[in-house]
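S.K.: So that we are looking at the same thing, I have put the structure below in structure tokens.
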Amino acid sequence: MILLTTKRAIVRPEHRLSALGTTDAGIPMILNQDYSVCWPFTQYVLHTVVSQERTPSTAEATAHNLSVFLNFLQSQHAGLSLWDVWDHHLHEFASYQLRQPKAPSHEQINKILRKVISAYIYLQQSDPKEVRSLVGETHDAEPAQIRYSIVRSATRDNAGKLHQIRYIHHDAMLPRGIKKKPRKPIPDSFIDRLWGAIPAFSKNPFIRERLECALTILEQVAPRVDELCHFTVDAVKDSLDSGLLEYRITKTKKREHAVPFPEDLADITLLFVHGPRADAIDRGLRSRTIERDHGFLFVKTNGEPWTRASMINTLLLLRKVAGVTGPAHAHLFRHRWITKNAIALAKNMVGTPLERSTILVWLKELSGHLSFAGLVPYVDESFDNKRAFDVAKPAISHDIRRRLLAHYSKMLESCLGEKEHLRISMRIVSILEQLNSSVEEHMPDNRAESAQAVH
């Protein structure tokens, strides 16, 4: 198990906090079964955050992987010290994981083993006198309890440049022969229930409007939560001219990425910027909580940036209020978006290797994935279920506009009757007229026929 702490004193020196890219400086702490802190593994997690400048989400994932291995040792080998682990314990761990009712994938087991060996390598290098014979490469002459090898391979980046990569391999690692399955996306019915629960979620209008704006962007742009926290007001304004929203990808490599950002979506976002967000920034400046407008799109009620942890907790609480029993966390919006776009792209294709490769390139560019491996299952699934989604592309277009129409209608209802919001109300009426005609234009044939039958 892991414990999330927000003690800033753990991170030294303080200027290293800027490398986290967030105001939340919480460091995951790995716990033993008696709830005491496992300091060796926790020390390695701290090293990944401070020295390797990993994001908090990466540190959390690392802590979780190490805690899985630690739980195995303490449940299957009670009393065994971390310094008494040998090769056969890693083999036992892999077999133990495969026997679980909900066994993780081969790649996930290998990832845990790599993190464990990486942690031991770091601990041995930081204190060679204490653990000098713990790990070693297969060709080393010195004795070692755990033997690993370094595998080298080549990969190309988005610019086509060839790079050499190195990764750890151990005999306990499993083959990657099992076909991956795409993550289950969040159903449309769950999304409708989340939207319907927003009025009852909070009495604070700022929290409700911020949540509506965040859900709209998650549904139509599908960023990771870390990336959504780093959206800026300037990027939204620039999207009005370019039609693209630029933001920073925070997973593994920090690089810029651009996604299509419809004008309708930009208008909704700027209404939030000029209304609730501007009020929150003014409150923060008056109370001196913030010294200046930092430029991030999503903020707290006091003007500070909305942190990743707070955003995730808010969405989980909304799920409870909505009475949704199945998974409905933020990242499932991303799976849903990739799934629908993969189906739409495969609609008029047969499924040749060239066509599949084309879809992979498009999805990688749109989603900001760092590799093609995670997208292959979506492409396979899209061709397997293509016949069941003959109207996927127009349905996506219609679905987006329908939700925008409902969103603006709610905003107009809240603005009517207040003189200071008259200008915003008139702007919303204009957008509603455009959206109404756009919904009819993009309505799939089967839905259009049904609508005519009703009339």
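In the structure tokens, each chain is lettered A, B, ... as it comes, each chain's residues begin at 1, and ligands are numbered from 1 in order of appearance.
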Going by DSSP on the backbone, which residues of stretch 77-306 of chain A come out as strand (DSSP E)? List them as a PyMOL selection string.

M.R.: chain A and resi 135-137+146-156+162-169+244-249+255-260

S.K.: Could the residues in this selection be written to a file with N, CA and C atoms, as a short mmCIF file (atom, residue, chain, number, x, y, z; two decimals), in the first residue's frame?

M.R.:
```
data_model
loop_
_atom_site.label_atom_id
_atom_site.label_comp_id
_atom_site.auth_asym_id
_atom_site.auth_seq_id
_atom_site.Cartn_x
_atom_site.Cartn_y
_atom_site.Cartn_z
N VAL A 135 22.85 -6.59 -6.63
CA VAL A 135 22.52 -6.73 -8.05
C VAL A 135 23.79 -6.58 -8.88
N GLY A 136 23.74 -7.16 -10.07
CA GLY A 136 24.87 -7.07 -10.98
C GLY A 136 24.49 -7.58 -12.36
N GLU A 137 25.18 -7.10 -13.37
CA GLU A 137 24.90 -7.56 -14.72
C GLU A 137 25.44 -8.98 -14.91
N ILE A 146 21.02 -10.86 -7.56
CA ILE A 146 20.10 -10.68 -8.69
C ILE A 146 20.93 -10.33 -9.92
N ARG A 147 20.79 -11.15 -10.97
CA ARG A 147 21.52 -10.94 -12.21
C ARG A 147 20.56 -10.41 -13.29
N TYR A 148 20.93 -9.33 -13.92
CA TYR A 148 20.11 -8.75 -14.98
C TYR A 148 21.00 -8.41 -16.17
N SER A 149 20.37 -8.13 -17.29
CA SER A 149 21.11 -7.72 -18.48
C SER A 149 20.48 -6.45 -19.04
N ILE A 150 21.25 -5.72 -19.82
CA ILE A 150 20.77 -4.50 -20.48
C ILE A 150 20.56 -4.80 -21.96
N VAL A 151 19.33 -4.62 -22.41
CA VAL A 151 18.97 -4.87 -23.81
C VAL A 151 18.91 -3.54 -24.53
N ARG A 152 19.48 -3.50 -25.71
CA ARG A 152 19.50 -2.28 -26.51
C ARG A 152 18.66 -2.47 -27.77
N SER A 153 17.88 -1.46 -28.11
CA SER A 153 17.10 -1.50 -29.34
C SER A 153 16.99 -0.09 -29.89
N ALA A 154 16.49 0.02 -31.11
CA ALA A 154 16.40 1.31 -31.80
C ALA A 154 14.93 1.68 -32.00
N THR A 155 14.62 2.96 -31.91
CA THR A 155 13.28 3.47 -32.16
C THR A 155 13.38 4.83 -32.83
N ARG A 156 12.34 5.23 -33.50
CA ARG A 156 12.31 6.52 -34.18
C ARG A 156 11.31 7.44 -33.51
N LEU A 162 16.45 8.42 -35.51
CA LEU A 162 16.68 7.14 -34.86
C LEU A 162 17.34 7.35 -33.50
N HIS A 163 16.82 6.67 -32.49
CA HIS A 163 17.37 6.76 -31.13
C HIS A 163 17.63 5.36 -30.60
N GLN A 164 18.70 5.22 -29.84
CA GLN A 164 19.01 3.97 -29.16
C GLN A 164 18.43 4.01 -27.75
N ILE A 165 17.69 2.97 -27.38
CA ILE A 165 17.13 2.91 -26.04
C ILE A 165 17.67 1.67 -25.33
N ARG A 166 17.76 1.77 -24.01
CA ARG A 166 18.26 0.68 -23.19
C ARG A 166 17.22 0.36 -22.13
N TYR A 167 16.98 -0.92 -21.88
CA TYR A 167 16.06 -1.30 -20.82
C TYR A 167 16.55 -2.58 -20.15
N ILE A 168 16.08 -2.78 -18.93
CA ILE A 168 16.52 -3.91 -18.10
C ILE A 168 15.76 -5.17 -18.47
N HIS A 169 16.49 -6.29 -18.51
CA HIS A 169 15.86 -7.59 -18.75
C HIS A 169 16.32 -8.57 -17.67
N LEU A 244 -6.41 24.99 -33.41
CA LEU A 244 -5.65 23.97 -32.68
C LEU A 244 -5.34 24.48 -31.29
N LEU A 245 -5.42 23.59 -30.31
CA LEU A 245 -5.03 23.92 -28.94
C LEU A 245 -3.68 23.28 -28.66
N GLU A 246 -2.73 24.08 -28.27
CA GLU A 246 -1.39 23.58 -27.96
C GLU A 246 -1.25 23.41 -26.45
N TYR A 247 -0.72 22.28 -26.05
CA TYR A 247 -0.47 22.03 -24.63
C TYR A 247 0.73 21.11 -24.50
N ARG A 248 1.17 20.92 -23.28
CA ARG A 248 2.37 20.14 -23.02
C ARG A 248 2.01 18.73 -22.59
N ILE A 249 2.61 17.75 -23.25
CA ILE A 249 2.44 16.36 -22.86
C ILE A 249 3.37 16.08 -21.69
N ARG A 255 6.82 17.40 -24.06
CA ARG A 255 6.89 17.98 -25.39
C ARG A 255 5.56 18.61 -25.73
N GLU A 256 5.58 19.54 -26.67
CA GLU A 256 4.38 20.25 -27.06
C GLU A 256 3.53 19.39 -27.98
N HIS A 257 2.22 19.57 -27.87
CA HIS A 257 1.28 18.80 -28.68
C HIS A 257 0.13 19.72 -29.04
N ALA A 258 -0.49 19.49 -30.19
CA ALA A 258 -1.62 20.30 -30.63
C ALA A 258 -2.75 19.38 -31.07
N VAL A 259 -3.98 19.72 -30.66
CA VAL A 259 -5.16 18.94 -31.04
C VAL A 259 -6.21 19.89 -31.61
N PRO A 260 -7.08 19.38 -32.48
CA PRO A 260 -8.17 20.23 -32.99
C PRO A 260 -9.05 20.72 -31.84
#
```

S.K.: Give the helix (DSSP H, G or I) residues of stretch 153-376 of chain A, as assigned by DSSP on the backbone, as a PyMOL selection string.

M.R.: chain A and resi 188-201+205-220+225-229+233-242+263-286+308-322+331-346+353-367+376

S.K.: Given only C-alpha atoms as the basis, pick out the residue of A:Pro327, A:Gly368, A:Pro276, A:Gly374 nearest to A:Arg208.

M.R.: A:Pro276

S.K.: Excluding same-chain residues fewer than 3 positions from stretch 64-77 of chain A, what lies within 8 Å of it counting only C-alpha atoms, as a PDB file with C-alpha atoms, in the first residue's frame?

M.R.:
```pdb
ATOM      1  CA  MET A   1       0.000   0.000   0.000  1.00  0.00           C
ATOM      2  CA  ILE A   2       1.065   3.618  -0.437  1.00  0.00           C
ATOM      3  CA  ILE A  30       5.369   3.009   0.518  1.00  0.00           C
ATOM      4  CA  LEU A  31       4.094   1.272   3.642  1.00  0.00           C
ATOM      5  CA  ASN A  32       4.833  -2.123   5.138  1.00  0.00           C
ATOM      6  CA  GLN A  33       2.019  -4.367   6.337  1.00  0.00           C
ATOM      7  CA  PHE A  41      11.769   1.965  -1.698  1.00  0.00           C
ATOM      8  CA  GLU A  60       2.556   7.379  -7.847  1.00  0.00           C
ATOM      9  CA  ALA A  61       2.737   4.599 -10.438  1.00  0.00           C
ATOM     10  CA  LEU A  80      12.436 -11.761   4.654  1.00  0.00           C
ATOM     11  CA  PHE A  93       6.734 -13.191  -7.875  1.00  0.00           C
ATOM     12  CA  LYS A 111       7.196  -3.379 -15.582  1.00  0.00           C
ATOM     13  CA  ILE A 112       7.055  -4.139 -11.840  1.00  0.00           C
ATOM     14  CA  LYS A 115      11.096  -1.038 -11.257  1.00  0.00           C
ATOM     15  CA  VAL A 116      12.234  -3.396  -8.495  1.00  0.00           C
TER      16      VAL A 116
END
```

S.K.: Could you tell me which of A:Leu270, A:Val85, A:Ala103, A:Leu240 comes closest to A:Gln145 if we count only C-alpha atoms?

M.R.: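 The shortest atom-to-atom distance to A:Gln145 comes from A:Val85.
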
S.K.: Find the spatial neighbours of A:Leu194, counting only C-alpha atoms, within a cut-off of 8 Å - ignore same-chain residues fewer than 5 positions away - and output them as a PDB file with C-alpha atoms, in the first residue's frame.

M.R.:
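The new file result.pdb reads:
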```
ATOM      1  CA  LEU A 318     -19.181  13.567  -8.876  1.00  0.00           C
ATOM      2  CA  ARG A 319     -19.370   9.863  -9.738  1.00  0.00           C
ATOM      3  CA  ALA A 322     -24.419  10.640  -9.846  1.00  0.00           C
TER       4      ALA A 322
END
```

S.K.: Distance atom CA of A:Asp264-atom CA of A:Phe296, one decimal place?

M.R.: 20.1 Å

S.K.: What does the distance from atom CA of A:Glu304 to atom CA of A:Lys203 come to in Å, to one decimal?

M.R.: 20.2 Å

S.K.: For a quick check of understanding, using only C-alpha atoms, which of A:Val376, A:Ala63, A:Ala309, A:Ala141 has the smallest distance to A:Val225?

M.R.: A:Ala309

S.K.: Which of these, A:Lys300, A:Leu174, A:Glu291, A:Tyr120, has the shortest distance to A:Glu209 once you count only C-alpha atoms?

M.R.: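 When distances to A:Glu209 are compared using only C-alpha atoms, the smallest one comes from A:Lys300.
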
S.K.: Find the residue from A:His331, A:Arg356, A:Lys364, A:Arg277 that sits nearest to A:Thr232; use only C-alpha atoms when measuring.

M.R.: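 Distance minimum relative to A:Thr232 lands on A:Arg277.
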
S.K.: Determine the nearest neighbour of A:Ile27 from the options A:Val273, A:Leu134, A:Val49, A:Ile117, counting only C-alpha atoms.

M.R.: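 Under the stated criterion, the closest residue is A:Val49.
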